[in-house]
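*Asks:* Handing over input.pdb, PDB, C-alpha atoms and all ligand atoms.
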ATOM      1  CA  MET A 216      20.153   1.450  34.335
ATOM      2  CA  PHE A 217      22.074   1.704  37.562
ATOM      3  CA  VAL A 218      25.485   3.294  37.064
ATOM      4  CA  GLY A 219      28.600   3.069  39.213
ATOM      5  CA  ARG A 220      28.258   2.501  42.956
ATOM      6  CA  GLY A 221      29.998  -0.880  42.807
ATOM      7  CA  ALA A 222      32.031  -0.109  45.936
ATOM      8  CA  ALA A 223      28.942   1.088  47.822
ATOM      9  CA  LEU A 224      27.001  -2.067  46.972
ATOM     10  CA  ALA A 225      29.988  -4.188  47.991
ATOM     11  CA  ALA A 226      30.205  -2.324  51.317
ATOM     12  CA  LEU A 227      26.522  -3.031  52.045
ATOM     13  CA  SER A 228      26.976  -6.709  51.176
ATOM     14  CA  ALA A 229      30.007  -6.852  53.458
ATOM     15  CA  ALA A 230      28.016  -5.223  56.290
ATOM     16  CA  LEU A 231      25.325  -7.862  55.849
ATOM     17  CA  GLY A 232      27.999 -10.550  55.944
ATOM     18  CA  THR A 233      29.253  -9.093  59.214
ATOM     19  CA  ALA A 234      25.710  -9.082  60.655
ATOM     20  CA  VAL A 235      25.389 -12.760  59.852
ATOM     21  CA  ALA A 236      28.851 -13.892  60.902
ATOM     22  CA  ASP A 237      29.711 -11.640  63.852
ATOM     23  CA  GLY A 238      26.472 -10.156  65.175
ATOM     24  CA  PRO A 239      23.935  -7.433  64.397
ATOM     25  CA  ALA A 240      25.425  -4.625  62.369
ATOM     26  CA  VAL A 241      24.588  -1.103  61.250
ATOM     27  CA  ALA A 242      25.066   0.417  57.786
ATOM     28  CA  LEU A 243      24.697   4.160  57.221
ATOM     29  CA  VAL A 244      24.328   5.555  53.712
ATOM     30  CA  ALA A 245      25.076   9.281  53.654
ATOM     31  CA  GLY A 246      24.759  11.792  50.858
ATOM     32  CA  GLU A 247      23.203  15.006  49.630
ATOM     33  CA  ALA A 248      19.700  15.198  48.139
ATOM     34  CA  GLY A 249      19.421  13.390  44.810
ATOM     35  CA  ILE A 250      22.811  11.679  45.031
ATOM     36  CA  GLY A 251      21.245   8.203  44.894
ATOM     37  CA  LYS A 252      20.735   6.918  48.455
ATOM     38  CA  SER A 253      17.256   5.505  47.773
ATOM     39  CA  ARG A 254      18.353   4.105  44.429
ATOM     40  CA  LEU A 255      21.338   2.386  46.040
ATOM     41  CA  LEU A 256      19.066   0.859  48.639
ATOM     42  CA  ALA A 257      16.638  -0.275  45.933
ATOM     43  CA  GLU A 258      19.476  -1.901  43.985
ATOM     44  CA  PHE A 259      20.803  -3.555  47.114
ATOM     45  CA  ALA A 260      17.319  -4.891  47.907
ATOM     46  CA  ARG A 261      16.940  -6.107  44.319
ATOM     47  CA  THR A 262      20.257  -7.890  44.188
ATOM     48  CA  THR A 263      20.591  -9.369  47.661
ATOM     49  CA  PRO A 264      18.864 -12.666  48.366
ATOM     50  CA  THR A 265      18.161 -11.358  51.882
ATOM     51  CA  ARG A 266      14.760 -10.046  52.911
ATOM     52  CA  VAL A 267      14.727  -6.237  53.140
ATOM     53  CA  LEU A 268      12.028  -4.481  55.187
ATOM     54  CA  ARG A 269      11.831  -0.755  54.516
ATOM     55  CA  GLY A 270      10.301   2.241  56.215
ATOM     56  CA  THR A 271      10.655   5.941  55.428
ATOM     57  CA  CYS A 272      10.733   9.028  57.643
ATOM     58  CA  THR A 273       8.683  11.863  56.259
ATOM     59  CA  GLU A 274       9.529  15.519  56.029
ATOM     60  CA  LEU A 275       6.848  16.193  58.655
ATOM     61  CA  GLY A 276       9.414  14.981  61.220
ATOM     62  CA  GLY A 277       8.223  15.616  64.753
ATOM     63  CA  ASP A 278       4.737  16.503  63.529
ATOM     64  CA  GLY A 279       4.355  13.186  61.721
ATOM     65  CA  LEU A 280       3.262   9.825  63.032
ATOM     66  CA  ALA A 281       5.643   8.609  65.741
ATOM     67  CA  TYR A 282       7.686   5.531  64.750
ATOM     68  CA  ALA A 283       6.345   5.758  61.165
ATOM     69  CA  PRO A 284       9.232   3.841  59.512
ATOM     70  CA  PHE A 285       9.069   1.034  62.094
ATOM     71  CA  VAL A 286       5.290   0.815  61.740
ATOM     72  CA  ALA A 287       5.921   0.319  57.994
ATOM     73  CA  VAL A 288       8.509  -2.382  58.710
ATOM     74  CA  VAL A 289       6.152  -4.301  61.010
ATOM     75  CA  ARG A 290       3.289  -3.815  58.526
ATOM     76  CA  GLN A 291       5.262  -5.751  55.915
ATOM     77  CA  LEU A 292       5.576  -8.691  58.300
ATOM     78  CA  VAL A 293       1.872  -8.506  59.194
ATOM     79  CA  ARG A 294       0.781  -8.250  55.550
ATOM     80  CA  ASP A 295       2.997 -11.146  54.479
ATOM     81  CA  ASP A 296       1.724 -13.134  57.433
ATOM     82  CA  THR A 297       5.301 -13.726  58.552
ATOM     83  CA  VAL A 298       5.116 -12.436  62.127
ATOM     84  CA  PRO A 299       6.905 -15.053  64.215
ATOM     85  CA  PRO A 300       5.050 -16.356  67.274
ATOM     86  CA  GLY A 301       5.572 -14.222  70.384
ATOM     87  CA  ARG A 302       3.871 -11.903  72.870
ATOM     88  CA  TYR A 303       3.260  -8.543  71.254
ATOM     89  CA  ARG A 304       0.989  -6.650  73.640
ATOM     90  CA  GLU A 305       2.301  -3.153  72.989
ATOM     91  CA  LEU A 306       2.595  -3.777  69.250
ATOM     92  CA  GLY A 307      -1.130  -4.476  69.366
ATOM     93  CA  ARG A 308      -1.517  -0.696  69.394
ATOM     94  CA  TRP A 309      -0.025  -0.575  65.912
ATOM     95  CA  PHE A 310      -1.674  -3.719  64.569
ATOM     96  CA  PRO A 311      -4.548  -5.199  66.600
ATOM     97  CA  GLU A 312      -3.987  -8.585  64.946
ATOM     98  CA  LEU A 313      -0.734  -8.846  66.958
ATOM     99  CA  GLY A 314      -2.423  -8.825  70.354
ATOM    100  CA  GLU A 315      -4.726  -7.071  72.770
ATOM    101  CA  PRO A 316      -2.938  -3.932  73.987
ATOM    102  CA  THR A 317      -2.615  -3.944  77.777
ATOM    103  CA  GLY A 318      -1.766  -0.309  78.045
ATOM    104  CA  ASP A 319       0.580  -0.712  80.998
ATOM    105  CA  GLY A 320       3.872  -1.648  79.326
ATOM    106  CA  GLY A 321       4.946   1.760  78.162
ATOM    107  CA  ARG A 322       7.612   2.731  75.708
ATOM    108  CA  HIS A 323      10.296   0.411  76.986
ATOM    109  CA  ARG A 324       8.033  -2.622  76.590
ATOM    110  CA  LEU A 325       7.242  -1.521  73.028
ATOM    111  CA  TYR A 326      10.959  -1.296  72.184
ATOM    112  CA  GLU A 327      11.579  -4.754  73.625
ATOM    113  CA  GLU A 328       8.764  -6.166  71.529
ATOM    114  CA  VAL A 329      10.093  -4.604  68.307
ATOM    115  CA  LEU A 330      13.544  -5.970  69.121
ATOM    116  CA  ASP A 331      12.151  -9.414  69.852
ATOM    117  CA  LEU A 332      10.054  -9.364  66.675
ATOM    118  CA  LEU A 333      13.052  -8.456  64.492
ATOM    119  CA  GLU A 334      15.356 -11.020  66.067
ATOM    120  CA  ARG A 335      12.765 -13.772  65.694
ATOM    121  CA  SER A 336      12.072 -12.708  62.117
ATOM    122  CA  ALA A 337      15.773 -13.080  61.378
ATOM    123  CA  GLY A 338      15.705 -16.619  62.763
ATOM    124  CA  PRO A 339      15.033 -18.458  59.486
ATOM    125  CA  GLY A 340      17.416 -16.228  57.496
ATOM    126  CA  PRO A 341      19.059 -12.817  57.760
ATOM    127  CA  LEU A 342      17.058  -9.618  57.624
ATOM    128  CA  VAL A 343      17.773  -6.041  56.580
ATOM    129  CA  VAL A 344      15.728  -3.365  58.353
ATOM    130  CA  ALA A 345      16.125  -0.160  56.376
ATOM    131  CA  VAL A 346      15.019   3.267  57.558
ATOM    132  CA  GLU A 347      15.106   5.871  54.800
ATOM    133  CA  ASP A 348      15.723   9.580  55.355
ATOM    134  CA  LEU A 349      16.753   9.328  58.981
ATOM    135  CA  HIS A 350      17.468  13.093  58.923
ATOM    136  CA  TRP A 351      13.687  13.585  59.052
ATOM    137  CA  ALA A 352      13.069  11.087  61.854
ATOM    138  CA  ASP A 353      10.903  12.146  64.784
ATOM    139  CA  ALA A 354      12.419  11.834  68.254
ATOM    140  CA  ALA A 355      10.603   8.544  68.946
ATOM    141  CA  THR A 356      11.975   6.927  65.782
ATOM    142  CA  ARG A 357      15.501   8.094  66.599
ATOM    143  CA  GLU A 358      15.193   6.683  70.092
ATOM    144  CA  LEU A 359      13.949   3.304  68.869
ATOM    145  CA  PHE A 360      16.653   3.112  66.198
ATOM    146  CA  GLY A 361      19.331   3.782  68.827
ATOM    147  CA  PHE A 362      17.776   1.262  71.186
ATOM    148  CA  LEU A 363      17.846  -1.456  68.511
ATOM    149  CA  ALA A 364      21.436  -0.673  67.538
ATOM    150  CA  ARG A 365      22.501  -0.982  71.173
ATOM    151  CA  ASN A 366      20.454  -4.002  72.166
ATOM    152  CA  LEU A 367      20.111  -6.395  69.245
ATOM    153  CA  THR A 368      22.312  -9.346  70.092
ATOM    154  CA  ARG A 369      21.440 -12.276  67.847
ATOM    155  CA  PRO A 370      23.336 -12.404  64.545
ATOM    156  CA  GLY A 371      21.359 -11.900  61.358
ATOM    157  CA  VAL A 372      19.946  -8.357  61.502
ATOM    158  CA  LEU A 373      21.456  -5.485  59.534
ATOM    159  CA  LEU A 374      20.033  -2.103  60.566
ATOM    160  CA  LEU A 375      20.429   0.266  57.631
ATOM    161  CA  ALA A 376      19.701   3.977  57.440
ATOM    162  CA  THR A 377      20.004   6.575  54.704
ATOM    163  CA  TYR A 378      20.399  10.222  55.582
ATOM    164  CA  ARG A 379      21.462  13.655  54.404
ATOM    165  CA  PRO A 380      24.334  14.920  56.544
ATOM    166  CA  GLY A 381      24.197  18.164  58.459
ATOM    167  CA  VAL A 382      20.846  17.917  60.234
ATOM    168  CA  ALA A 383      21.401  18.818  63.875
ATOM    169  CA  GLU A 384      18.679  16.569  65.352
ATOM    170  CA  THR A 385      20.264  13.398  63.954
ATOM    171  CA  GLY A 386      23.781  14.355  65.088
ATOM    172  CA  PRO A 387      23.846  12.623  68.495
ATOM    173  CA  LEU A 388      22.290   9.405  67.157
ATOM    174  CA  LEU A 389      24.712   9.244  64.227
ATOM    175  CA  ALA A 390      27.647   9.917  66.526
ATOM    176  CA  GLU A 391      26.568   7.026  68.727
ATOM    177  CA  LEU A 392      25.966   4.709  65.763
ATOM    178  CA  THR A 393      29.320   5.425  64.156
ATOM    179  CA  ARG A 394      31.083   4.518  67.389
ATOM    180  CA  GLY A 395      29.474   1.062  67.265
ATOM    181  CA  PRO A 396      31.768  -1.921  66.733
ATOM    182  CA  ARG A 397      30.040  -3.153  63.571
ATOM    183  CA  THR A 398      29.019   0.052  61.834
ATOM    184  CA  THR A 399      29.780   0.736  58.176
ATOM    185  CA  THR A 400      29.346   4.212  56.723
ATOM    186  CA  VAL A 401      28.933   4.559  52.970
ATOM    187  CA  ARG A 402      29.320   8.113  51.678
ATOM    188  CA  LEU A 403      27.959   8.600  48.184
ATOM    189  CA  ASP A 404      30.115  10.846  46.017
ATOM    190  CA  ARG A 405      29.013  12.590  42.863
ATOM    191  CA  LEU A 406      29.181  10.624  39.616
ATOM    192  CA  THR A 407      32.257  10.832  37.409
ATOM    193  CA  GLU A 408      32.009  12.140  33.854
ATOM    194  CA  ALA A 409      32.065   8.580  32.502
ATOM    195  CA  GLU A 410      29.252   7.579  34.860
ATOM    196  CA  VAL A 411      27.201  10.629  33.827
ATOM    197  CA  GLY A 412      27.748   9.474  30.222
ATOM    198  CA  ASP A 413      26.409   6.025  31.115
ATOM    199  CA  GLN A 414      23.394   7.507  32.886
ATOM    200  CA  LEU A 415      22.636   9.772  29.913
ATOM    201  CA  ALA A 416      22.973   6.863  27.493
ATOM    202  CA  ALA A 417      20.471   4.872  29.547
ATOM    203  CA  ILE A 418      17.992   7.763  29.692
ATOM    204  CA  LEU A 419      18.312   8.758  26.043
ATOM    205  CA  GLY A 420      18.546   5.250  24.660
ATOM    206  CA  ALA A 421      21.626   6.170  22.660
ATOM    207  CA  LYS A 422      25.223   7.106  23.250
ATOM    208  CA  PRO A 423      25.397  10.849  23.953
ATOM    209  CA  ASP A 424      27.736  13.250  22.291
ATOM    210  CA  PRO A 425      30.962  13.527  24.382
ATOM    211  CA  ALA A 426      30.712  17.327  24.478
ATOM    212  CA  ALA A 427      27.166  17.032  25.803
ATOM    213  CA  VAL A 428      28.352  14.606  28.491
ATOM    214  CA  ARG A 429      30.992  17.108  29.568
ATOM    215  CA  ARG A 430      28.412  19.864  29.668
ATOM    216  CA  VAL A 431      25.848  17.881  31.654
ATOM    217  CA  HIS A 432      28.531  16.636  34.033
ATOM    218  CA  ALA A 433      29.665  20.200  34.680
ATOM    219  CA  ARG A 434      26.145  21.572  35.107
ATOM    220  CA  SER A 435      24.872  18.727  37.275
ATOM    221  CA  ASP A 436      28.062  18.434  39.300
ATOM    222  CA  GLY A 437      27.624  14.677  38.917
ATOM    223  CA  ASN A 438      24.387  14.591  40.904
ATOM    224  CA  PRO A 439      22.223  11.920  39.212
ATOM    225  CA  LEU A 440      18.957  13.700  39.998
ATOM    226  CA  TYR A 441      20.161  16.789  38.109
ATOM    227  CA  VAL A 442      21.547  14.621  35.306
ATOM    228  CA  GLU A 443      18.030  13.241  34.812
ATOM    229  CA  ALA A 444      16.502  16.715  34.835
ATOM    230  CA  LEU A 445      19.047  18.099  32.357
ATOM    231  CA  ALA A 446      18.709  15.085  30.070
ATOM    232  CA  ARG A 447      14.954  15.614  29.843
ATOM    233  CA  ARG A 448      15.177  19.356  29.372
ATOM    234  CA  ALA A 449      18.166  19.889  27.182
ATOM    235  CA  ASN A 450      17.621  17.466  24.307
ATOM    236  CA  VAL A 451      21.194  16.259  24.674
ATOM    237  CA  PRO A 452      22.663  15.479  21.267
ATOM    238  CA  ARG A 453      23.593  11.867  20.620
ATOM    239  CA  THR A 454      26.767  10.889  18.853
ATOM    240  CA  ALA A 455      26.494  11.816  15.214
ATOM    241  CA  CYS A 456      26.293   8.919  12.793
ATOM    242  CA  ALA A 457      29.000   8.725  10.206
ATOM    243  CA  THR A 458      26.859   8.646   7.112
ATOM    244  CA  CYS A 459      24.691  11.727   7.399
ATOM    245  CA  CYS A 460      24.800  13.683  10.615
ATOM    246  CA  CYS A 461      28.405  14.754  10.337
ATOM    247  CA  THR A 462      27.680  16.162   6.927
ATOM    248  CA  VAL A 463      24.582  17.935   8.150
ATOM    249  CA  ARG A 464      26.448  19.317  11.085
ATOM    250  CA  ALA A 465      29.348  20.383   8.927
ATOM    251  CA  ARG A 466      26.924  22.369   6.811
ATOM    252  CA  CYS A 467      25.423  24.031   9.838
ATOM    253  CA  ARG A 468      28.660  24.687  11.633
ATOM    254  CA  ASN A 469      29.649  27.836   9.812
ATOM    255  CA  ARG A 470      26.376  29.577  10.559
ATOM    256  CA  PRO A 471      25.064  28.118  13.783
ATOM    257  CA  ALA A 472      23.149  31.222  14.758
ATOM    258  CA  ARG A 473      21.196  31.168  11.539
ATOM    259  CA  CYS A 474      20.914  27.408  11.326
ATOM    260  CA  SER A 475      17.169  27.356  11.644
ATOM    261  CA  ARG A 476      14.925  24.358  11.576
ATOM    262  CA  ARG A 477      14.248  25.013   7.908
ATOM    263  CA  ARG A 478      17.908  25.233   7.040
ATOM    264  CA  ARG A 479      18.621  22.061   8.933
ATOM    265  CA  SER A 480      15.716  20.364   7.169
ATOM    266  CA  ARG A 481      17.132  21.456   3.859
ATOM    267  CA  ALA A 482      20.599  20.248   4.810
ATOM    268  CA  VAL A 483      19.218  16.873   5.789
ATOM    269  CA  ARG A 484      17.182  16.642   2.602
ATOM    270  CA  SER A 485      19.994  17.597   0.283
ATOM    271  CA  THR A 486      22.412  15.278   2.032
ATOM    272  CA  THR A 487      20.243  12.253   2.550
ATOM    273  CA  GLY A 488      17.316  12.629   0.233
ATOM    274  CA  CYS A 489      14.668  12.261   2.947
ATOM    275  CA  SER A 490      12.365  14.857   4.443
ATOM    276  CA  PRO A 491      12.607  15.517   8.145
ATOM    277  CA  ARG A 492       9.399  15.771  10.132
ATOM    278  CA  TRP A 493       9.034  18.254  12.937
ATOM    279  CA  PRO A 494       8.543  18.623  15.808
ATOM    280  CA  THR A 495       9.133  14.962  16.659
ATOM    281  CA  PRO A 496      11.034  13.409  13.844
ATOM    282  CA  THR A 497      10.687   9.703  13.599
ATOM    283  CA  THR A 498      12.007   9.118  10.114
ATOM    284  CA  ARG A 499      15.465   7.753   9.801
ATOM    285  CA  CYS A 500      17.348   9.409   7.041
ATOM    286  CA  CYS A 501      19.984   6.698   6.864
ATOM    287  CA  GLY A 502      20.832   3.396   8.460
ATOM    288  CA  CYS A 503      22.112   4.905  11.693
ATOM    289  CA  SER A 504      20.946   3.427  14.942
ATOM    290  CA  SER A 505      19.887   6.714  16.493
ATOM    291  CA  THR A 506      16.925   8.491  14.963
ATOM    292  CA  ALA A 507      17.295  11.599  17.057
ATOM    293  CA  ALA A 508      20.966  11.999  16.179
ATOM    294  CA  CYS A 509      20.027  13.052  12.701
ATOM    295  CA  TRP A 510      18.120  16.059  13.935
ATOM    296  CA  SER A 511      20.469  17.407  16.563
ATOM    297  CA  PRO A 512      22.114  20.770  16.030
ATOM    298  CA  PRO A 513      25.901  21.003  16.205
ATOM    299  CA  ALA A 514      27.015  20.407  19.798
ATOM    300  CA  THR A 515      28.759  23.740  20.049
ATOM    301  CA  GLY A 516      26.230  25.710  18.031
ATOM    302  CA  THR A 517      24.041  28.462  19.342
ATOM    303  CA  THR A 518      20.857  27.068  17.863
ATOM    304  CA  SER A 519      18.353  25.515  20.221
ATOM    305  CA  GLY A 520      17.792  21.771  20.180
ATOM    306  CA  THR A 521      15.332  19.819  18.054
ATOM    307  CA  ARG A 522      11.989  21.508  18.053
TER     308      ARG A 522
HETATM  309  N1  LIG B   1      23.660   5.169  40.319
HETATM  310  C1  LIG B   1      22.592   5.632  39.655
HETATM  311  N2  LIG B   1      22.352   5.255  38.401
HETATM  312  C2  LIG B   1      21.298   5.736  37.708
HETATM  313  N3  LIG B   1      20.383   6.590  38.219
HETATM  314  C3  LIG B   1      20.560   6.987  39.487
HETATM  315  C4  LIG B   1      21.667   6.538  40.269
HETATM  316  N4  LIG B   1      21.590   7.102  41.488
HETATM  317  C5  LIG B   1      20.475   7.840  41.470
HETATM  318  N5  LIG B   1      19.858   7.777  40.291
HETATM  319  C6  LIG B   1      18.599   8.460  39.935
HETATM  320  O1  LIG B   1      18.664   9.795  40.429
HETATM  321  C7  LIG B   1      17.448  10.164  41.044
HETATM  322  C8  LIG B   1      17.709  10.596  42.489
HETATM  323  O2  LIG B   1      18.145   9.462  43.225
HETATM  324  P1  LIG B   1      17.599   9.136  44.690
HETATM  325  O3  LIG B   1      16.131   9.395  44.795
HETATM  326  O4  LIG B   1      18.049   7.766  45.027
HETATM  327  O5  LIG B   1      18.355  10.221  45.553
HETATM  328  P2  LIG B   1      18.395  10.359  47.124
HETATM  329  O6  LIG B   1      19.823  10.465  47.516
HETATM  330  O7  LIG B   1      17.605   9.276  47.754
HETATM  331  O8  LIG B   1      17.696  11.772  47.332
HETATM  332  P3  LIG B   1      16.873  12.292  48.625
HETATM  333  O9  LIG B   1      17.870  12.736  49.659
HETATM  334  O10 LIG B   1      16.071  13.443  48.084
HETATM  335  O11 LIG B   1      15.993  11.157  49.105
HETATM  336  C9  LIG B   1      16.514   8.962  40.947
HETATM  337  O12 LIG B   1      15.621   9.120  39.871
HETATM  338  C10 LIG B   1      17.449   7.808  40.687
HETATM  339  O13 LIG B   1      16.841   6.770  39.949
HETATM  340 MG    MG B   2      15.858   9.198  48.900
END
Have the structure of the file written as structure tokens, please.
*Replies:*
Amino acid sequence: MFVGRGAALAALSAALGTAVADGPAVALVAGEAGIGKSRLLAEFARTTPTRVLRGTCTELGGDGLAYAPFVAVVRQLVRDDTVPPGRYRELGRWFPELGEPTGDGGRHRLYEEVLDLLERSAGPGPLVVAVEDLHWADAATRELFGFLARNLTRPGVLLLATYRPGVAETGPLLAELTRGPRTTTVRLDRLTEAEVGDQLAAILGAKPDPAAVRRVHARSDGNPLYVEALARRANVPRTACATCCCTVRARCRNRPARCSRRRRSRAVRSTTGCSPRWPTPTTRCCGCSSTAACWSPPATGTTSGTR
């Protein structure tokens, strides 16, 4: 389940609308590690009817393959057999099926060919060219990205990049891009407590206990990557069901430190008449919708979670 981010998705859709109506546009998605840049892009790609071509910069940066994300973008066109007719001599170095490399055009010729290829590809319908993790881009990729942003002229192409702020190498490019006339910057904030609750509910398959939501929100700082990690690790209690769990919890509450698995088992048995199974209980002891809820310790107790 994808939580929140309605405004961010709307901003990307609006940027695409601008690219179609007014001329090529740029969208920058900024945020710390794990905040959801890739997930936002995936959701945008899933929900927009527009074709999205994606490439990713790798952490190898300058030591990696030059132009790696753009090679990936062109590869998608080659694989789908949707390369529009044109002269692609320099691009023949990347994909021989595009033409016999002449070897005399140089970098500028290559940039012109990429530009031409993207504009022609956007002829039948708009196109999103997304470069992920621009903060790791090698110098060649940064140069080509800047060249495209400056020189694309035909409407229909949205150049999109995700990045983590604060990386010195990307500074000048980002400064140039943000000065552009049709640039949108989307900054991803941390999730609210309600959104963390929604994310937990989706991961756990049941509504989480409000105290657990507060705790996970505080510990994760609303970063969805950490929310996922905490949800997996911490056995977050679900909301107690009215018929049995509250009673079980009430029995445990006065002696949380000593509320062992055995004691909890006994409490469940005496309250509900069914025998819990450890370590992965699957038996429902009443008609509640959440199996796991029946086995959770009190939210504020000092006992560890279900074992
Ligand atoms: N809005 C959301 N709803 C639900 N899950 C989310 C949301 N945003 C992110 N996540 C989840 O959090 C995890 C981290 O998200 P993601 O990989 O998109 O972060 P990122 O910003 O791209 O990080 P990095 O800078 O390391 O690439 C993923 O498993 C993703 O599915
Ligand atoms: Mg990412």
*Asks:* Can you check which parts of chain A lie within 8 Å of ligand MG 2 (chain B)? Per residue, the shortest pair of atoms and distance in Å to one decimal, counting all atoms listed in the file, sorted by chain and number, as a tab-separated table.
*Replies:*
residue	atom	partner	partner_atom	distance
A:Ala248	CA	B:MG2	MG	7.2
A:Gly249	CA	B:MG2	MG	6.9
A:Gly251	CA	B:MG2	MG	6.8
A:Lys252	CA	B:MG2	MG	5.4
A:Ser253	CA	B:MG2	MG	4.1
A:Arg254	CA	B:MG2	MG	7.2
A:Glu347	CA	B:MG2	MG	6.8
A:Asp348	CA	B:MG2	MG	6.5
A:Thr377	CA	B:MG2	MG	7.6
*Asks:* In Å, with one decimal, what is the gap from atom CA of A:Arg447 to atom CA of A:Phe259?
*Replies:* 26.5 Å
*Asks:* Env of A:Gly246: 8 Å cut, atoms = all atoms listed in the file, seq-sep filter 3 positions within chain, self excluded. Answer as a PyMOL selection string.
*Replies:* chain A and resi 250-252+378-380+402-404
*Asks:* I would like the residues chosen by the PyMOL selection byres (((chain A and resi 408-421) around 8) and not hetatm) on the shown file; could you give them as a ChimeraX atom specification?
*Replies:* /A:216-219,406-407,422-423,425,428-429,431-432,437,439,442-443,446,453-454,505
*Asks:* State, in Å with one decimal place, the distance from atom CA of A:Asp296 to atom CA of A:Pro284.
*Replies:*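 Atom CA of A:Pro284 lies at a distance of 18.7 Å from atom CA of A:Asp296.
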*Asks:* When you draw a straight line from atom CA of A:Ala337 to atom CA of A:Thr368, how long is it in Å?
*Replies:*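 If I compute the distance from atom CA of A:Ala337 to atom CA of A:Thr368, I get 11.5 Å.
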*Asks:* Select, from A:Leu392, A:Ala222, A:Ala433, A:Leu292, the residue with the minimum atom-to-atom distance to ligand LIG 1 (chain B), counting only C-alpha atoms and all ligand atoms.
*Replies:*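 Result for the nearest residue to ligand LIG 1 (chain B): A:Ala222.
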*Asks:* Go ahead and fit an axis-aligned box to every listed atom of ligand LIG 1 (chain B) plus 3 Å each side, and pass me the centre and edge lengths in Å, one decimal, as lines of an AutoDock Vina configuration file.
*Replies:*
center_x = 19.6
center_y = 9.3
center_z = 43.7
size_x = 14.0
size_y = 14.3
size_z = 18.0
*Asks:* Find the residues around A:Thr399 up to 7 Å (all atoms listed in the file counted), leave out those fewer than 6 positions away in its own chain, and share them as a ChimeraX atom specification.
*Replies:* /A:230,241-243
*Asks:* Output the residue selection produced by the PyMOL selection byres (((chain A and resi 298) around 10) and not hetatm) on the file above, formatted as a list of chain:residue names.
*Replies:*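 With the PyMOL selection byres (((chain A and resi 298) around 10) and not hetatm) on this model, the match is A:Val289, A:Arg290, A:Gln291, A:Leu292, A:Val293, A:Arg294, A:Asp295, A:Asp296, A:Thr297, A:Pro299, A:Pro300, A:Gly301, A:Leu313, A:Leu332, A:Leu333, A:Arg335, A:Ser336.
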*Asks:* Can you give me, as a list of chain:residue names, the residues this file yields under the PyMOL selection byres (((chain A and resi 224) around 10) and not hetatm)?
*Replies:*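 Applying the PyMOL selection byres (((chain A and resi 224) around 10) and not hetatm) to the structure shown produces A:Gly219, A:Arg220, A:Gly221, A:Ala222, A:Ala223, A:Ala225, A:Ala226, A:Leu227, A:Ser228, A:Ala229, A:Ala230, A:Leu255, A:Leu256, A:Glu258, A:Phe259, A:Thr262, A:Thr263, A:Val401.
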*Asks:* Output C-alpha atoms for every residue in that selection, as a PDB file, keeping the file's coordinate frame.
*Replies:*
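The result, written out as again_35.pdb:
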ATOM      1  CA  GLY A 219      28.600   3.069  39.213  1.00  0.00           C
ATOM      2  CA  ARG A 220      28.258   2.501  42.956  1.00  0.00           C
ATOM      3  CA  GLY A 221      29.998  -0.880  42.807  1.00  0.00           C
ATOM      4  CA  ALA A 222      32.031  -0.109  45.936  1.00  0.00           C
ATOM      5  CA  ALA A 223      28.942   1.088  47.822  1.00  0.00           C
ATOM      6  CA  ALA A 225      29.988  -4.188  47.991  1.00  0.00           C
ATOM      7  CA  ALA A 226      30.205  -2.324  51.317  1.00  0.00           C
ATOM      8  CA  LEU A 227      26.522  -3.031  52.045  1.00  0.00           C
ATOM      9  CA  SER A 228      26.976  -6.709  51.176  1.00  0.00           C
ATOM     10  CA  ALA A 229      30.007  -6.852  53.458  1.00  0.00           C
ATOM     11  CA  ALA A 230      28.016  -5.223  56.290  1.00  0.00           C
ATOM     12  CA  LEU A 255      21.338   2.386  46.040  1.00  0.00           C
ATOM     13  CA  LEU A 256      19.066   0.859  48.639  1.00  0.00           C
ATOM     14  CA  GLU A 258      19.476  -1.901  43.985  1.00  0.00           C
ATOM     15  CA  PHE A 259      20.803  -3.555  47.114  1.00  0.00           C
ATOM     16  CA  THR A 262      20.257  -7.890  44.188  1.00  0.00           C
ATOM     17  CA  THR A 263      20.591  -9.369  47.661  1.00  0.00           C
ATOM     18  CA  VAL A 401      28.933   4.559  52.970  1.00  0.00           C
TER      19      VAL A 401
END
*Asks:* Give me the residues within 9 Å of A:Thr317 as a VMD selection string, counting all atoms listed in the file and dropping any in the same chain fewer than 3 places off.
*Replies:* chain A and resid 304 to 305 307 314 320
*Asks:* Using all atoms listed in the file, pick whichever of A:Leu342, A:Leu367, A:Val286, A:Leu349 has the shortest atom-to-atom distance to ligand LIG 1 (chain B).
*Replies:*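 For ligand LIG 1 (chain B), the nearest of the given residues is A:Leu349.
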*Asks:* Mind dumping a table of every stretch 280-361 of chain A residue within 8 Å of stretch 385-389 of chain A, with the nearest atom pair and its distance in Å to one decimal, using only C-alpha atoms, sorted by chain and rising number, as JSON lines?
*Replies:*
{"residue": "A:Leu349", "atom": "CA", "partner": "A:Thr385", "partner_atom": "CA", "distance": 7.3}
{"residue": "A:His350", "atom": "CA", "partner": "A:Thr385", "partner_atom": "CA", "distance": 5.8}
{"residue": "A:Ala352", "atom": "CA", "partner": "A:Thr385", "partner_atom": "CA", "distance": 7.8}
{"residue": "A:Arg357", "atom": "CA", "partner": "A:Leu388", "partner_atom": "CA", "distance": 6.9}
{"residue": "A:Gly361", "atom": "CA", "partner": "A:Leu388", "partner_atom": "CA", "distance": 6.6}
*Asks:* Of the candidates A:Asp436, A:Asp353, A:Glu391, A:Glu358, which shows the shortest atom-to-atom distance to A:Thr273, using only C-alpha atoms?
*Replies:* A:Asp353
*Asks:* Go through A:Ala427, A:Val235, A:Ala354, A:Leu306 one by one, measure the shortest atom-to-atom distance of each to A:Pro339 using all atoms listed in the file, and give the residue with the smallest value.
*Replies:* A:Val235
*Asks:* In terms of the shortest atom-to-atom distance over only C-alpha atoms and all ligand atoms, which of A:Ala376, A:Ala383, A:Leu280, A:Ala287 is closest to ligand LIG 1 (chain B)?
*Replies:*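 The shortest atom-to-atom distance to ligand LIG 1 (chain B) comes from A:Ala376.
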